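S.K.: start-v1.txt is reproduced in full below (compact mmCIF, C-alpha atoms).
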# COMPACT_ATOMS: atom_id res chain seq x y z
CA MET A 6 -90.07 -22.33 34.74
CA SER A 7 -86.95 -23.95 33.27
CA ILE A 8 -86.53 -26.48 30.48
CA VAL A 9 -83.68 -28.98 30.77
CA LEU A 10 -82.38 -30.74 27.66
CA VAL A 11 -80.35 -33.83 28.53
CA GLY A 12 -77.52 -34.82 26.19
CA SER A 13 -77.63 -38.19 24.48
CA THR A 14 -74.43 -39.38 26.23
CA SER A 15 -73.79 -36.85 28.99
CA GLY A 16 -74.32 -33.25 30.05
CA SER A 17 -77.36 -31.01 29.73
CA VAL A 18 -78.53 -27.58 28.64
CA THR A 19 -80.90 -25.54 30.80
CA LEU A 20 -83.16 -22.88 29.30
CA GLN A 21 -84.40 -20.50 31.96
CA GLU A 22 -86.88 -17.66 31.67
CA PRO A 23 -85.55 -14.09 31.92
CA ALA A 24 -85.79 -12.29 35.26
CA VAL A 25 -87.87 -9.51 33.70
CA ALA A 26 -91.58 -9.32 32.89
CA GLY A 27 -92.66 -9.76 29.29
CA THR A 28 -92.04 -12.20 26.50
CA THR A 29 -88.66 -13.13 25.08
CA VAL A 30 -88.39 -15.09 21.85
CA LEU A 31 -85.26 -17.00 20.88
CA THR A 32 -85.36 -17.88 17.19
CA LEU A 33 -82.82 -20.44 16.07
CA PRO A 34 -81.75 -20.44 12.42
CA ALA A 35 -82.46 -23.49 10.26
CA VAL A 36 -78.83 -24.61 9.91
CA THR A 37 -76.82 -27.68 10.69
CA GLY A 38 -73.79 -27.73 12.95
CA ASN A 39 -73.05 -25.23 15.72
CA VAL A 40 -75.46 -22.33 16.11
CA LEU A 41 -74.19 -18.86 17.02
CA THR A 42 -77.01 -17.06 18.82
CA ASP A 43 -75.18 -13.73 19.17
CA THR A 44 -75.52 -11.88 15.85
CA SER A 45 -73.09 -9.15 16.96
CA PRO A 46 -69.62 -10.67 17.32
CA LYS A 47 -67.37 -9.03 19.87
CA VAL A 48 -64.51 -6.85 18.73
CA GLY A 49 -61.50 -9.07 18.09
CA ASN A 50 -63.50 -12.22 17.30
CA VAL A 51 -62.23 -14.22 14.33
CA LEU A 52 -65.11 -14.43 11.87
CA GLN A 53 -63.49 -16.55 9.15
CA VAL A 54 -60.13 -17.92 8.06
CA VAL A 55 -58.86 -18.50 4.52
CA ASN A 56 -55.59 -20.31 3.77
CA ALA A 57 -53.70 -20.72 0.50
CA THR A 58 -50.39 -22.32 -0.46
CA TYR A 59 -48.12 -22.07 -3.50
CA SER A 60 -45.12 -24.24 -4.33
CA THR A 61 -44.18 -23.48 -7.94
CA GLN A 62 -40.63 -22.16 -8.21
CA THR A 63 -40.62 -18.51 -9.32
CA THR A 64 -37.51 -16.81 -10.72
CA SER A 65 -36.48 -13.24 -11.46
CA GLY A 66 -33.32 -11.20 -11.88
CA SER A 67 -35.07 -7.86 -12.15
CA SER A 68 -35.36 -4.85 -9.87
CA THR A 69 -38.98 -4.59 -11.06
CA TYR A 70 -41.47 -6.26 -8.72
CA ALA A 71 -42.95 -9.56 -9.94
CA ASP A 72 -45.61 -11.85 -8.47
CA THR A 73 -44.35 -14.67 -6.24
CA GLY A 74 -47.44 -16.69 -7.12
CA LEU A 75 -48.71 -16.61 -3.53
CA THR A 76 -52.25 -15.21 -3.39
CA ALA A 77 -55.44 -15.62 -1.32
CA THR A 78 -58.95 -14.15 -1.52
CA ILE A 79 -61.42 -13.41 1.27
CA THR A 80 -64.89 -11.85 1.27
CA PRO A 81 -65.35 -9.83 4.48
CA THR A 82 -68.77 -10.13 6.16
CA SER A 83 -68.69 -6.53 7.44
CA ILE A 84 -67.36 -3.26 6.03
CA THR A 85 -65.74 -2.54 9.42
CA SER A 86 -63.85 -5.84 9.63
CA LYS A 87 -60.06 -5.97 9.72
CA ILE A 88 -58.11 -8.59 7.78
CA LEU A 89 -55.01 -10.05 9.41
CA VAL A 90 -52.64 -11.22 6.68
CA LEU A 91 -50.02 -13.81 7.65
CA ALA A 92 -47.70 -14.91 4.85
CA SER A 93 -44.59 -17.04 4.76
CA GLN A 94 -42.41 -16.88 1.64
CA ASN A 95 -40.26 -19.99 1.59
CA GLY A 96 -37.40 -21.30 -0.49
CA ASN A 97 -35.69 -17.93 -1.04
CA LEU A 98 -32.35 -18.18 -2.86
CA VAL A 99 -30.03 -15.82 -4.74
CA THR A 100 -27.33 -16.98 -7.17
CA GLY A 101 -24.76 -15.09 -9.25
CA TYR A 102 -25.23 -11.92 -7.26
CA GLY A 103 -23.03 -8.89 -6.95
CA THR A 104 -22.52 -6.37 -4.19
CA GLY A 105 -25.80 -4.95 -2.92
CA THR A 106 -28.05 -7.73 -4.16
CA ALA A 107 -31.02 -8.29 -1.86
CA ILE A 108 -34.51 -9.77 -2.21
CA GLN A 109 -37.28 -7.32 -1.35
CA PHE A 110 -40.93 -8.27 -0.77
CA ARG A 111 -44.16 -6.29 -0.75
CA LEU A 112 -47.79 -7.09 0.06
CA LEU A 113 -50.67 -5.97 -2.16
CA ARG A 114 -54.44 -5.78 -1.75
CA GLY A 115 -55.70 -5.95 -5.32
CA ALA A 116 -53.42 -3.58 -7.24
CA SER A 117 -52.60 -1.42 -4.19
CA VAL A 118 -49.32 -1.85 -2.33
CA ILE A 119 -50.10 -1.90 1.40
CA ALA A 120 -46.78 -2.97 2.97
CA PHE A 121 -43.11 -3.14 2.02
CA LEU A 122 -40.56 -5.55 3.40
CA GLU A 123 -37.49 -3.88 2.03
CA GLU A 124 -34.35 -5.93 2.23
CA LEU A 125 -35.76 -8.44 4.67
CA ASN A 126 -34.18 -11.74 3.79
CA SER A 127 -31.31 -9.65 2.50
CA TYR A 128 -28.32 -11.20 0.78
CA GLN A 129 -25.61 -8.61 0.92
CA GLY A 130 -23.49 -9.74 -1.99
CA ASP A 131 -19.73 -9.87 -1.59
CA GLY A 132 -19.17 -10.30 -5.32
CA SER A 133 -18.33 -14.03 -5.06
CA GLY A 134 -21.56 -15.04 -6.81
CA ILE A 135 -22.07 -18.09 -4.58
CA GLY A 136 -25.74 -18.89 -4.03
CA ARG A 137 -27.19 -18.03 -0.66
CA GLY A 138 -30.55 -18.98 0.76
CA GLY A 139 -32.35 -17.57 3.75
CA GLY A 140 -35.17 -20.05 4.15
CA SER A 141 -38.27 -17.94 4.66
CA THR A 142 -39.52 -14.41 5.08
CA CYS A 143 -42.64 -13.93 7.19
CA ILE A 144 -45.10 -11.12 6.63
CA SER A 145 -47.86 -10.02 9.02
CA TYR A 146 -50.11 -7.05 8.38
CA LEU A 147 -53.46 -5.89 9.81
CA ASP A 148 -55.48 -4.35 6.96
CA SER A 149 -58.71 -2.34 6.88
CA PRO A 150 -60.14 -2.99 3.40
CA ALA A 151 -63.52 -1.31 4.18
CA THR A 152 -65.46 -3.57 1.82
CA THR A 153 -67.68 -6.64 1.74
CA SER A 154 -66.51 -7.56 -1.78
CA ALA A 155 -64.08 -10.36 -2.54
CA THR A 156 -60.61 -9.03 -1.69
CA THR A 157 -57.40 -10.58 -3.03
CA TYR A 158 -54.00 -10.32 -1.35
CA LYS A 159 -50.71 -11.29 -2.96
CA THR A 160 -46.97 -10.92 -2.53
CA GLN A 161 -44.35 -9.69 -4.97
CA PHE A 162 -40.55 -9.72 -4.97
CA ALA A 163 -37.74 -7.77 -6.60
CA ASN A 164 -33.96 -7.43 -6.49
CA ARG A 165 -32.63 -4.30 -4.84
CA ALA A 166 -29.68 -4.35 -7.23
CA PRO A 167 -30.30 -5.71 -10.75
CA SER A 168 -27.71 -8.50 -10.59
CA GLY A 169 -27.99 -12.16 -9.82
CA THR A 170 -30.99 -14.45 -10.00
CA MET A 171 -33.61 -14.72 -7.27
CA TYR A 172 -35.65 -17.86 -6.62
CA ILE A 173 -38.82 -18.02 -4.54
CA GLN A 174 -40.34 -21.44 -3.61
CA PHE A 175 -36.97 -22.89 -4.73
CA SER A 176 -37.21 -26.55 -5.62
CA GLY A 177 -40.91 -26.73 -4.70
CA SER A 178 -40.74 -25.17 -1.22
CA VAL A 179 -44.26 -24.37 -0.03
CA SER A 180 -45.18 -20.74 0.71
CA SER A 181 -48.43 -20.01 2.53
CA MET A 182 -50.84 -17.15 3.20
CA THR A 183 -53.54 -17.05 5.87
CA LEU A 184 -56.24 -14.36 5.92
CA MET A 185 -58.25 -13.90 9.13
CA GLU A 186 -61.31 -11.66 9.26
CA ILE A 187 -61.38 -9.90 12.64
CA ALA A 188 -64.53 -8.21 13.98
CA ALA A 189 -64.01 -4.50 14.62
Will you turn the file into structure tokens for me?
M.R.:
Amino acid sequence: MSIVLVGSTSGSVTLQEPAVAGTTVLTLPAVTGNVLTDTSPKVGNVLQVVNATYSTQTTSGSSTYADTGLTATITPTSITSKILVLASQNGNLVTGYGTGTAIQFRLLRGASVIAFLEELNSYQGDGSGIGRGGGSTCISYLDSPATTSATTYKTQFANRAPSGTMYIQFSGSVSSMTLMEIAA
């Protein structure tokens, strides 16, 4: 026997008995919106997405890493989940630099460095000291945090050579970070 549910404007859903003997129970959760009836997502499914932006200009002239201000937090639903981190650091500018000056970025999970982007968005100084901007530096990294606790990711920047001044989010440029939990 089949049950047919007709949509209020068009279409229908047909519930049909299984082709095996016995009783099968389908229990729907008491939620609003779309209902996911498969409690075991397939490997590669996106389970949740978190997005954050930051547009406050951040400045440094140091070769010591400093926070860019860009950060996002996600709470994985499974200890086996992967987190795909996509970040775009915008408004990168160097002024008053000397030979060898270059912005370097790194990605952190909590206090742990998980990826370096050495000398990407590099400004090889020629000693003229004229400001140069490279627009944006994009970061993508697939992480395995192995936790179901809230997990924070952030970016930091430093100057390869301690000369000149580096600006991130120059003049209010918007940097962004997207965290995607991927079923594994």
S.K.: For range 43-59 of chain A, please output as a compact mmCIF listing (two decimals) with C-alpha atoms, in the frame of the given file all residues within 10 Å (counting all atoms listed in the file; exclusion window: fewer than 3 positions along the same chain).
M.R.:
# COMPACT_ATOMS: atom_id res chain seq x y z
CA VAL A 40 -75.46 -22.33 16.11
CA GLN A 62 -40.63 -22.16 -8.21
CA THR A 73 -44.35 -14.67 -6.24
CA GLY A 74 -47.44 -16.69 -7.12
CA LEU A 75 -48.71 -16.61 -3.53
CA THR A 76 -52.25 -15.21 -3.39
CA ALA A 77 -55.44 -15.62 -1.32
CA THR A 78 -58.95 -14.15 -1.52
CA ILE A 79 -61.42 -13.41 1.27
CA THR A 80 -64.89 -11.85 1.27
CA PRO A 81 -65.35 -9.83 4.48
CA THR A 82 -68.77 -10.13 6.16
CA SER A 83 -68.69 -6.53 7.44
CA SER A 86 -63.85 -5.84 9.63
CA LYS A 87 -60.06 -5.97 9.72
CA ILE A 88 -58.11 -8.59 7.78
CA LEU A 89 -55.01 -10.05 9.41
CA VAL A 90 -52.64 -11.22 6.68
CA LEU A 91 -50.02 -13.81 7.65
CA ALA A 92 -47.70 -14.91 4.85
CA SER A 93 -44.59 -17.04 4.76
CA GLN A 94 -42.41 -16.88 1.64
CA ASN A 95 -40.26 -19.99 1.59
CA GLN A 174 -40.34 -21.44 -3.61
CA GLY A 177 -40.91 -26.73 -4.70
CA SER A 178 -40.74 -25.17 -1.22
CA VAL A 179 -44.26 -24.37 -0.03
CA SER A 180 -45.18 -20.74 0.71
CA SER A 181 -48.43 -20.01 2.53
CA MET A 182 -50.84 -17.15 3.20
CA THR A 183 -53.54 -17.05 5.87
CA LEU A 184 -56.24 -14.36 5.92
CA MET A 185 -58.25 -13.90 9.13
CA GLU A 186 -61.31 -11.66 9.26
CA ILE A 187 -61.38 -9.90 12.64
CA ALA A 188 -64.53 -8.21 13.98
CA ALA A 189 -64.01 -4.50 14.62
S.K.: Counting all atoms listed in the file, figure out which residue out of A:Leu112, A:Leu122, A:Thr85, A:Gly101 gets nearest to Pro150 in chain A.
M.R.: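 Comparing A:Leu112, A:Leu122, A:Thr85, A:Gly101 against Pro150 in chain A, the winner is A:Thr85.
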S.K.: I'd like the interatomic distance between CA of Asp148 in chain A and CA of Arg165 in chain A, to a tenth of an Å.
M.R.: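 So the answer is 25.7 Å.
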S.K.: Taking all atoms listed in the file into account, which of A:Phe110, A:Phe121, A:Tyr146, A:Tyr158 comes nearest Tyr70 in chain A?
M.R.: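 Counting all atoms listed in the file, the residue closest to Tyr70 in chain A is A:Phe110.
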S.K.: State, in Å with one decimal place, the distance from CA of Ser141 in chain A to CA of Ile173 in chain A.
M.R.: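 Between CA of Ser141 in chain A and CA of Ile173 in chain A the gap is 9.2 Å.
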S.K.: What is the CA of Ile144 in chain A-CA of Gly169 in chain A distance in Å, reported with one decimal?
M.R.: 23.8 Å
